[in-house]
file my_file.txt (compact mmCIF, C-alpha atoms)
# COMPACT_ATOMS: atom_id res chain seq x y z
CA MET B 1 -53.69 -92.16 -13.74
CA ARG B 2 -54.11 -88.57 -12.56
CA ILE B 3 -53.09 -86.48 -9.56
CA ALA B 4 -55.85 -84.41 -7.94
CA LEU B 5 -55.37 -81.76 -5.25
CA PHE B 6 -58.34 -80.90 -3.04
CA GLN B 7 -58.31 -77.22 -2.06
CA PRO B 8 -54.53 -76.97 -1.63
CA ASP B 9 -53.17 -74.38 0.82
CA ILE B 10 -49.51 -74.17 -0.17
CA ALA B 11 -48.41 -73.01 -3.63
CA GLY B 12 -45.03 -74.71 -3.25
CA ASN B 13 -46.68 -78.12 -2.86
CA VAL B 14 -48.80 -77.48 -5.93
CA GLY B 15 -45.64 -76.58 -7.83
CA THR B 16 -43.90 -79.74 -6.66
CA LEU B 17 -46.84 -81.89 -7.75
CA LEU B 18 -47.10 -80.08 -11.10
CA ARG B 19 -43.44 -80.85 -11.69
CA LEU B 20 -44.05 -84.48 -10.70
CA GLY B 21 -46.97 -84.62 -13.13
CA ALA B 22 -44.84 -83.13 -15.91
CA CYS B 23 -41.95 -85.54 -15.35
CA LEU B 24 -44.20 -88.60 -15.13
CA ASP B 25 -46.55 -87.43 -17.92
CA LEU B 26 -49.60 -87.34 -15.64
CA ALA B 27 -52.35 -84.74 -15.67
CA VAL B 28 -53.08 -82.74 -12.51
CA ASP B 29 -56.51 -81.63 -11.30
CA LEU B 30 -56.81 -78.61 -8.99
CA ILE B 31 -60.05 -78.54 -7.01
CA GLU B 32 -60.91 -75.04 -5.84
CA PRO B 33 -61.05 -72.94 -3.84
CA MET B 34 -57.32 -72.81 -3.19
CA GLY B 35 -55.71 -71.11 -0.21
CA PHE B 36 -53.74 -68.68 -2.38
CA PRO B 37 -54.29 -66.70 -5.58
CA TRP B 38 -53.85 -68.88 -8.69
CA GLY B 39 -53.45 -68.01 -12.32
CA GLU B 40 -50.97 -68.33 -15.16
CA ARG B 41 -48.33 -66.27 -13.37
CA ALA B 42 -48.65 -68.25 -10.13
CA MET B 43 -48.53 -71.51 -12.07
CA ALA B 44 -45.38 -70.46 -13.91
CA ARG B 45 -43.75 -69.40 -10.64
CA ALA B 46 -44.74 -72.57 -8.75
CA ALA B 47 -43.97 -75.07 -11.52
CA MET B 48 -41.09 -73.12 -13.09
CA ASP B 49 -40.29 -74.25 -16.63
CA TYR B 50 -42.23 -77.49 -16.09
CA ALA B 51 -45.60 -75.70 -16.33
CA ALA B 52 -45.62 -76.02 -20.10
CA HIS B 53 -45.21 -79.80 -19.83
CA VAL B 54 -48.16 -80.68 -17.61
CA GLN B 55 -51.87 -80.80 -18.35
CA VAL B 56 -53.70 -78.93 -15.58
CA ARG B 57 -57.46 -78.89 -15.15
CA ARG B 58 -59.02 -76.51 -12.65
CA HIS B 59 -62.38 -77.39 -11.12
CA ALA B 60 -64.66 -74.87 -9.42
CA ASP B 61 -65.51 -77.38 -6.67
CA TRP B 62 -65.67 -81.06 -5.69
CA ASP B 63 -68.79 -81.79 -7.76
CA ALA B 64 -67.22 -80.29 -10.89
CA PHE B 65 -64.19 -82.52 -10.38
CA LEU B 66 -66.33 -85.65 -9.84
CA ALA B 67 -68.11 -85.00 -13.13
CA THR B 68 -64.79 -85.52 -14.94
CA VAL B 69 -63.52 -88.62 -13.13
CA GLU B 70 -63.37 -91.67 -15.38
CA GLY B 71 -61.87 -94.15 -12.92
CA ARG B 72 -61.77 -94.55 -9.17
CA VAL B 73 -61.02 -91.83 -6.66
CA VAL B 74 -58.11 -93.01 -4.49
CA LEU B 75 -57.67 -90.82 -1.43
CA ALA B 76 -54.35 -90.48 0.37
CA THR B 77 -55.27 -90.10 4.02
CA THR B 78 -53.84 -90.64 7.47
CA ALA B 79 -57.23 -92.14 8.34
CA GLY B 80 -57.09 -94.61 5.46
CA ALA B 81 -58.14 -98.18 6.00
CA VAL B 82 -55.62 -99.72 3.59
CA PRO B 83 -51.86 -99.49 4.18
CA LEU B 84 -50.02 -98.66 0.96
CA PRO B 85 -48.29 -102.07 0.62
CA GLN B 86 -51.73 -103.75 0.61
CA ALA B 87 -53.49 -101.29 -1.74
CA ARG B 88 -54.32 -102.38 -5.28
CA PHE B 89 -54.37 -99.70 -7.97
CA GLU B 90 -55.93 -99.42 -11.42
CA ALA B 91 -54.58 -97.51 -14.42
CA GLU B 92 -57.49 -95.03 -14.49
CA ASP B 93 -57.28 -94.08 -10.80
CA ALA B 94 -57.27 -90.43 -9.75
CA LEU B 95 -54.98 -90.04 -6.75
CA LEU B 96 -56.62 -87.43 -4.52
CA LEU B 97 -54.50 -85.44 -2.06
CA GLY B 98 -56.18 -83.32 0.59
CA SER B 99 -55.56 -79.79 1.77
CA GLU B 100 -52.35 -79.49 3.76
CA SER B 101 -54.09 -77.91 6.75
CA VAL B 102 -57.28 -79.96 7.07
CA GLY B 103 -57.22 -82.88 4.63
CA VAL B 104 -60.66 -83.46 3.11
CA PRO B 105 -64.16 -83.14 4.59
CA ALA B 106 -66.11 -86.25 5.59
CA HIS B 107 -68.25 -86.30 2.41
CA VAL B 108 -65.11 -86.39 0.23
CA HIS B 109 -63.50 -89.04 2.45
CA ASP B 110 -66.66 -91.13 2.29
CA ARG B 111 -66.91 -90.81 -1.51
CA ALA B 112 -63.42 -92.20 -2.16
CA ASP B 113 -63.42 -95.62 -3.79
CA LEU B 114 -60.18 -96.51 -2.02
CA ARG B 115 -58.51 -94.85 0.98
CA VAL B 116 -54.77 -95.40 1.31
CA ARG B 117 -52.34 -94.48 4.05
CA VAL B 118 -48.59 -94.54 4.01
CA PRO B 119 -47.38 -96.54 7.01
CA MET B 120 -45.06 -94.46 9.17
CA ARG B 121 -43.41 -94.26 12.53
CA ALA B 122 -45.81 -94.11 15.48
CA GLY B 123 -46.30 -90.74 17.13
CA LEU B 124 -45.75 -88.64 14.01
CA ARG B 125 -48.69 -86.87 12.40
CA SER B 126 -48.17 -87.04 8.64
CA LEU B 127 -45.87 -86.68 5.67
CA ASN B 128 -45.78 -83.62 3.46
CA VAL B 129 -48.66 -83.97 0.99
CA ALA B 130 -46.36 -83.88 -2.05
CA MET B 131 -44.08 -86.53 -0.55
CA ALA B 132 -47.01 -88.80 0.35
CA GLY B 133 -48.41 -88.32 -3.15
CA ALA B 134 -45.08 -89.25 -4.75
CA LEU B 135 -44.79 -92.41 -2.63
CA ILE B 136 -48.31 -93.58 -3.42
CA LEU B 137 -48.02 -92.64 -7.07
CA GLY B 138 -44.77 -94.59 -7.42
CA GLU B 139 -46.43 -97.75 -6.12
CA ALA B 140 -49.53 -97.17 -8.27
CA LEU B 141 -47.39 -96.80 -11.41
CA ARG B 142 -45.42 -99.92 -10.50
CA GLN B 143 -48.60 -101.97 -10.13
CA THR B 144 -50.27 -100.70 -13.31
CA GLY B 145 -47.25 -100.78 -15.62
CA GLY B 146 -47.22 -97.00 -15.77
CA TRP B 147 -43.43 -96.81 -15.59
CA ASP B 148 -43.17 -98.71 -18.88
CA ARG B 149 -44.58 -95.82 -20.91
CA LEU B 150 -41.80 -93.44 -19.85
CA THR B 151 -38.37 -93.19 -21.40
CA ASP B 152 -35.13 -92.12 -19.75

call {"tool": "encode", "arguments": {"input": "my_file.txt", "output": "C-alpha cells"}}
result
Amino acid sequence: MRIALFQPDIAGNVGTLLRLGACLDLAVDLIEPMGFPWGERAMARAAMDYAAHVQVRRHADWDAFLATVEGRVVLATTAGAVPLPQARFEAEDALLLGSESVGVPAHVHDRADLRVRVPMRAGLRSLNVAMAGALILGEALRQTGGWDRLTD
C-alpha cells in the first residue's frame, strides 16, 4: 500500500501525510508540479523529524507516476462511485489523493481502478485531504491485514 498525492497545493497537508506514512510504514509518492516550492528543506520543515522515516518518491508528472504503479490506483474523490464502507481494497493499492483546490483532472479520475468517497453529512463540500486519506487508509489497512505488520 502507498499514499500518492496529485499536485498538492498545501505544504502542511503534505507534511501531515508524510508523518502518516512514516508512522504506518507506508511510502509516499508526490506527483508534480506542486503548488509550493519543494526540496529537502521544505520536506524537513513539513514532516519535522518524521522525514527521515518515510520513503518519498517524487514524480515529474502523472505519466511518470503511472510507470511506477504496481497495483491498482484507488482515488479518493467526492465524485466517487463507491462509498468507503462498500469499497474493497488490495494490499498493493496506491491511494491517490487529489490537489486540495481542484482534485484531479478528468483523465486521472477516469484512469483510477477504484474511486472511493467518504460518506458525509449532506450539504458539506469535502473533508481535508489528509483527513480523508487517513480514513480511507485505515479501512484499507484493516481489510488487507496491514495493521498486523506494525508494532506498538

call {"tool": "atom_distance", "arguments": {"input": "my_file.txt", "atom1": "CA of Val74 in chain B", "atom2": "CA of Glu139 in chain B"}}
result
12.7 Å

call {"tool": "residues_near_point", "arguments": {"input": "my_file.txt", "point": "(-43.4, -97.5, -1.3)", "cutoff": "10 Å", "atoms": "all atoms listed in the file", "output": "list in words"}}
result
Leu84, Pro85, Val118, Pro119, Ala132, Ala134, Leu135, Ile136, Leu137, Gly138, Glu139, Ala140 and Arg142 of chain B

call {"tool": "residues_around", "arguments": {"input": "my_file.txt", "residues": "range 30-35 of chain B", "least_positions_apart": "2", "cutoff": "9 Å", "atoms": "all atoms listed in the file", "output": "PyMOL selection string"}}
result
chain B and resi 3-11+14+28+37-38+56-62+64-65+99

call {"tool": "atom_distance", "arguments": {"input": "my_file.txt", "atom1": "CA of Val104 in chain B", "atom2": "CA of Thr77 in chain B"}}
result
8.6 Å

call {"tool": "residues_around", "arguments": {"input": "my_file.txt", "residues": "Gly133 in chain B", "least_positions_apart": "6", "cutoff": "8 Å", "atoms": "only C-alpha atoms", "output": "mmCIF file with C-alpha atoms, keeping the file's coordinate frame"}}
result
data_model
loop_
_atom_site.group_PDB
_atom_site.id
_atom_site.type_symbol
_atom_site.label_atom_id
_atom_site.label_comp_id
_atom_site.auth_asym_id
_atom_site.auth_seq_id
_atom_site.Cartn_x
_atom_site.Cartn_y
_atom_site.Cartn_z
ATOM 1 C CA ALA B 76 -54.350 -90.480 0.370
ATOM 2 C CA LEU B 95 -54.980 -90.040 -6.750
ATOM 3 C CA LEU B 97 -54.500 -85.440 -2.060
#

call {"tool": "closest_residue", "arguments": {"input": "my_file.txt", "among": "B:Arg2, B:Arg125, B:His53, B:Arg88", "to": "Ser101 in chain B", "atoms": "all atoms listed in the file"}}
result
B:Arg125

call {"tool": "closest_residue", "arguments": {"input": "my_file.txt", "among": "B:Leu141, B:Cys23, B:Met1, B:Leu127", "to": "Val73 in chain B", "atoms": "all atoms listed in the file"}}
result
B:Met1

call {"tool": "closest_residue", "arguments": {"input": "my_file.txt", "among": "B:Gln143, B:Thr151, B:Gln55, B:Asn13", "to": "Gln86 in chain B", "atoms": "only C-alpha atoms"}}
result
B:Gln143
